[in-house]
Amino acid sequence: MKQCHQFTASHDRRHWLQTTACGFGALAFQAFAHRIARAAGSGLDHKPQANRVIFLFMHGGVSQVDSFDPKPALSEYNGKKLPFKGIENLDVSLKDKAGYGKLLDTTWKFQQYGESGAWVSELWPHLAKHADDLCFIKSMHTKGTSHGQAVSMIHTGNDNLLRPSVGAWVSYGLGAENENLPAFISITPPAGHGGTRNYGSAFLPAHHQATALGHSSSKTEDATIDYLQPADAHSAHQHRQLEMLNEINKKHFGKSRDPQLDGVIRSYELAARMQGVAPELIDISKESKDTRELYGMDRKETSSFGHRCLLARRFCEAGVRYIQVSTPYVWDQHNNLVKGHTKNALSVDKPISGLLEDLKQRGMFDDTLVVWGTEFGRTPVAQNKNGRDHNPAGFTVWLSGAGVKAGFSHGSTDEFGYFAQDDKVHMHDLHATILHILGIDHKKLTYRYAGRDFRLTDVYGEVVRDILA
């Protein structure tokens, strides 16, 4: 008889279930343990405030000083040298020999909105109407001056190694609410800067990776789940095919014990169940005219992202735990900042506003956490005269809905908006906070791989308790 690992105070129950052998096959026991843990509710470490997350990813780097973090000093010192050194590894043309660049004022006017008096620029007129629903974190900082590093950080918590994505960790920790749908959906995920790793499961069991609809450059109306429609219209025929495949896979697994094969088996089973529900979810033709207009689908410039946000609400309503919605790689304005940011904000502003309003109307706002983020911000100094370079040292994200203070602003950058200064929040802290709102202690959500315990936040991260409702 194989020796069992002993349960000790230093191991949480989920970790014990995961690592005990007790005569079971490794994969069979893992599946058994996962079912037992979920049945006992041990996936939750405390009472959750949110049941699901919608993550709105603005790929390319949105300028915080032109959006939500006004800096009057930029106007006063426009064209003058930054009075301190900027971050390393950026465009040398930004700086003189001493490392100082020239400041660039913002084009857009800022105004305070709502009872909270939140500052929002005229780039975001529709979102500004929800100022009292938003919780800003204005002191974000992350690792990586390149897109590849920073995109990987916001999606996986690591800038250079293959690690599970946030949605995969949520799927692993909580499982699916709807057995006929995956726990994690990625709507038009980024095609570059990491690609599939941004929604993959890495060393977690394969079934925790996202089911993807198209990619970020897809036309949203054409984005679908590949091979969702059966090649054989006769359900009895397909059922016999799946049974045969299942028998073959089980025999193969008995010889290979490859854990990835379990993901393949589960994917076939889930795909068969999805055929009955997913096509109807993806089909928005029955949505009312008012709803489509709410998301901006009646206008060319907002139709695509409005479609993505509407799909996110539909999947959210159907019980998907984590829905990731991405823009194309469009926010990277190293020059032509005004033209680029104006076009990009126009395409997403109304759809995001519509999503928040729709969640409210349907009674889903209070148990759904919406996270708006970008891999890094932009420098307050000019690049190519009318652009801004990458800035991982200080930028803004916002959260809304379940678990966070409404109409609240946390942290700040320096007087020019370059470096996070007060109440700094690292990307690991943001991830820890998202998990906390879902009822998960980020320090206990672990998975043993290659002889050590891994977690989303590695050995870092603290919950940002100041923003919690």
# chains A, B, ... in the order shown; residues from 1 in each chain; ligands from 1

call {"tool": "select_by_dssp", "arguments": {"residues": "stretch 53-207 of chain A", "states": "strand (DSSP E)", "output": "JSON, numbers by chain"}}
result
{"A": [53, 54, 55, 56, 57, 58, 110, 111, 112, 113, 118, 119, 120, 121, 134, 135, 136, 137, 138, 139, 140, 141, 184, 185, 186, 187]}

call {"tool": "residues_around", "arguments": {"residues": "A:Trp398", "least_positions_apart": "3", "cutoff": "7 Å", "atoms": "only C-alpha atoms", "output": "list in words"}}
result
Leu134, Cys135, Phe136, Ile137, Val371, Trp372 and Gly373 of chain A

call {"tool": "write_last_selection", "arguments": {"atoms": "C-alpha atoms", "output": "tab-separated table (two decimals), in the first residue's frame"}}
result
chain	number	residue	atom	x	y	z
A	134	LEU	CA	-16.08	52.88	-10.26
A	135	CYS	CA	-13.22	52.08	-7.92
A	136	PHE	CA	-9.97	53.49	-9.30
A	137	ILE	CA	-6.51	52.21	-8.43
A	371	VAL	CA	-12.09	44.71	-13.96
A	372	TRP	CA	-10.80	47.20	-16.54
A	373	GLY	CA	-7.07	47.01	-17.12

call {"tool": "atom_distance", "arguments": {"atom1": "atom CA of A:Glu293", "atom2": "atom CA of A:Gly354"}}
result
8.6 Å

call {"tool": "residues_around", "arguments": {"residues": "A:Arg292", "least_positions_apart": "4", "cutoff": "12 Å", "atoms": "only C-alpha atoms", "output": "number ranges by chain"}}
result
A: 284-288, 296-299, 302-311, 350-351, 354-355, 358

call {"tool": "write_last_selection", "arguments": {"atoms": "N, CA and C atoms", "output": "compact mmCIF listing (two decimals), in the first residue's frame"}}
result
# COMPACT_ATOMS: atom_id res chain seq x y z
N ILE A 284 -26.80 36.37 -30.92
CA ILE A 284 -27.42 37.52 -30.25
C ILE A 284 -28.59 38.09 -31.05
N SER A 285 -29.03 37.37 -32.06
CA SER A 285 -30.07 37.90 -32.95
C SER A 285 -31.39 38.19 -32.24
N LYS A 286 -31.62 37.52 -31.12
CA LYS A 286 -32.88 37.73 -30.41
C LYS A 286 -32.81 38.84 -29.37
N GLU A 287 -31.65 39.45 -29.23
CA GLU A 287 -31.53 40.59 -28.30
C GLU A 287 -32.34 41.76 -28.85
N SER A 288 -32.94 42.51 -27.96
CA SER A 288 -33.81 43.62 -28.37
C SER A 288 -33.01 44.75 -29.00
N GLY A 296 -24.02 50.02 -28.10
CA GLY A 296 -23.42 50.74 -29.23
C GLY A 296 -23.35 49.93 -30.49
N MET A 297 -24.16 48.89 -30.60
CA MET A 297 -24.09 48.04 -31.77
C MET A 297 -24.81 48.64 -32.98
N ASP A 298 -25.43 49.78 -32.78
CA ASP A 298 -26.09 50.47 -33.89
C ASP A 298 -25.14 51.42 -34.60
N ARG A 299 -23.89 51.51 -34.14
CA ARG A 299 -22.91 52.41 -34.76
C ARG A 299 -21.67 51.62 -35.15
N THR A 302 -18.55 51.48 -32.67
CA THR A 302 -18.70 50.79 -31.38
C THR A 302 -19.29 49.39 -31.51
N SER A 303 -19.66 49.00 -32.72
CA SER A 303 -20.37 47.73 -32.91
C SER A 303 -19.55 46.52 -32.48
N SER A 304 -18.28 46.48 -32.86
CA SER A 304 -17.47 45.30 -32.61
C SER A 304 -17.25 45.06 -31.12
N PHE A 305 -16.78 46.08 -30.40
CA PHE A 305 -16.54 45.87 -28.97
C PHE A 305 -17.86 45.76 -28.21
N GLY A 306 -18.91 46.43 -28.71
CA GLY A 306 -20.23 46.27 -28.11
C GLY A 306 -20.70 44.83 -28.19
N HIS A 307 -20.45 44.20 -29.31
CA HIS A 307 -20.79 42.78 -29.50
C HIS A 307 -20.05 41.92 -28.48
N ARG A 308 -18.77 42.20 -28.28
CA ARG A 308 -17.96 41.43 -27.34
C ARG A 308 -18.49 41.59 -25.91
N CYS A 309 -18.83 42.82 -25.54
CA CYS A 309 -19.34 43.06 -24.19
C CYS A 309 -20.71 42.40 -23.99
N LEU A 310 -21.54 42.41 -25.03
CA LEU A 310 -22.84 41.75 -24.93
C LEU A 310 -22.66 40.25 -24.77
N LEU A 311 -21.73 39.65 -25.51
CA LEU A 311 -21.45 38.24 -25.33
C LEU A 311 -20.96 37.95 -23.91
N LYS A 350 -18.71 53.55 -24.98
CA LYS A 350 -20.14 53.26 -24.86
C LYS A 350 -20.42 51.78 -24.58
N PRO A 351 -19.74 50.84 -25.24
CA PRO A 351 -19.97 49.43 -24.92
C PRO A 351 -19.72 49.08 -23.46
N GLY A 354 -22.47 50.50 -21.46
CA GLY A 354 -23.66 49.68 -21.66
C GLY A 354 -23.61 48.39 -20.87
N LEU A 355 -22.43 47.79 -20.78
CA LEU A 355 -22.27 46.56 -20.00
C LEU A 355 -22.59 46.81 -18.53
N ASP A 358 -26.34 47.33 -18.18
CA ASP A 358 -27.09 46.09 -18.41
C ASP A 358 -26.98 45.16 -17.20

call {"tool": "atom_distance", "arguments": {"atom1": "atom CA of A:Ile437", "atom2": "atom CA of A:Gly401"}}
result
10.7 Å

call {"tool": "closest_residue", "arguments": {"among": "A:Glu76, A:Glu269, A:Asp423, A:Asp159", "to": "A:Glu375", "atoms": "only C-alpha atoms"}}
result
A:Asp159

call {"tool": "decode", "arguments": {"residues": "stretch 358-394 of chain A", "atoms": "C-alpha atoms", "output": "JSON list (two decimals), in the first residue's frame"}}
result
[["chain", "number", "residue", "atom", "x", "y", "z"],
["A", 358, "ASP", "CA", -27.09, 46.09, -18.41],
["A", 359, "LEU", "CA", -25.63, 44.24, -15.42],
["A", 360, "LYS", "CA", -27.51, 46.63, -13.16],
["A", 361, "GLN", "CA", -30.78, 46.24, -15.02],
["A", 362, "ARG", "CA", -30.56, 42.47, -14.77],
["A", 363, "GLY", "CA", -29.67, 42.38, -11.08],
["A", 364, "MET", "CA", -26.19, 41.00, -11.77],
["A", 365, "PHE", "CA", -24.08, 44.01, -10.85],
["A", 366, "ASP", "CA", -23.93, 43.19, -7.15],
["A", 367, "ASP", "CA", -22.39, 39.74, -7.61],
["A", 368, "THR", "CA", -20.22, 40.40, -10.69],
["A", 369, "LEU", "CA", -16.78, 42.00, -10.49],
["A", 370, "VAL", "CA", -15.81, 44.01, -13.58],
["A", 371, "VAL", "CA", -12.09, 44.71, -13.96],
["A", 372, "TRP", "CA", -10.80, 47.20, -16.54],
["A", 373, "GLY", "CA", -7.07, 47.01, -17.12],
["A", 374, "THR", "CA", -4.16, 47.61, -19.44],
["A", 375, "GLU", "CA", -0.68, 46.05, -19.34],
["A", 376, "PHE", "CA", 0.97, 49.38, -18.43],
["A", 377, "GLY", "CA", 0.41, 53.11, -18.77],
["A", 378, "ARG", "CA", 2.24, 55.75, -20.83],
["A", 379, "THR", "CA", 5.01, 58.18, -19.97],
["A", 380, "PRO", "CA", 4.22, 61.83, -19.20],
["A", 381, "VAL", "CA", 7.21, 62.76, -21.36],
["A", 382, "ALA", "CA", 6.92, 63.01, -25.13],
["A", 383, "GLN", "CA", 8.02, 60.45, -27.66],
["A", 384, "ASN", "CA", 8.24, 61.43, -31.34],
["A", 385, "LYS", "CA", 6.87, 64.87, -30.38],
["A", 386, "ASN", "CA", 3.23, 63.75, -30.12],
["A", 387, "GLY", "CA", 3.31, 60.28, -28.56],
["A", 388, "ARG", "CA", 4.08, 58.54, -25.26],
["A", 389, "ASP", "CA", 6.23, 55.50, -24.51],
["A", 390, "HIS", "CA", 5.46, 52.52, -22.24],
["A", 391, "ASN", "CA", 5.24, 53.16, -18.51],
["A", 392, "PRO", "CA", 5.02, 50.21, -16.11],
["A", 393, "ALA", "CA", 6.04, 52.42, -13.16],
["A", 394, "GLY", "CA", 2.67, 54.10, -12.61]]
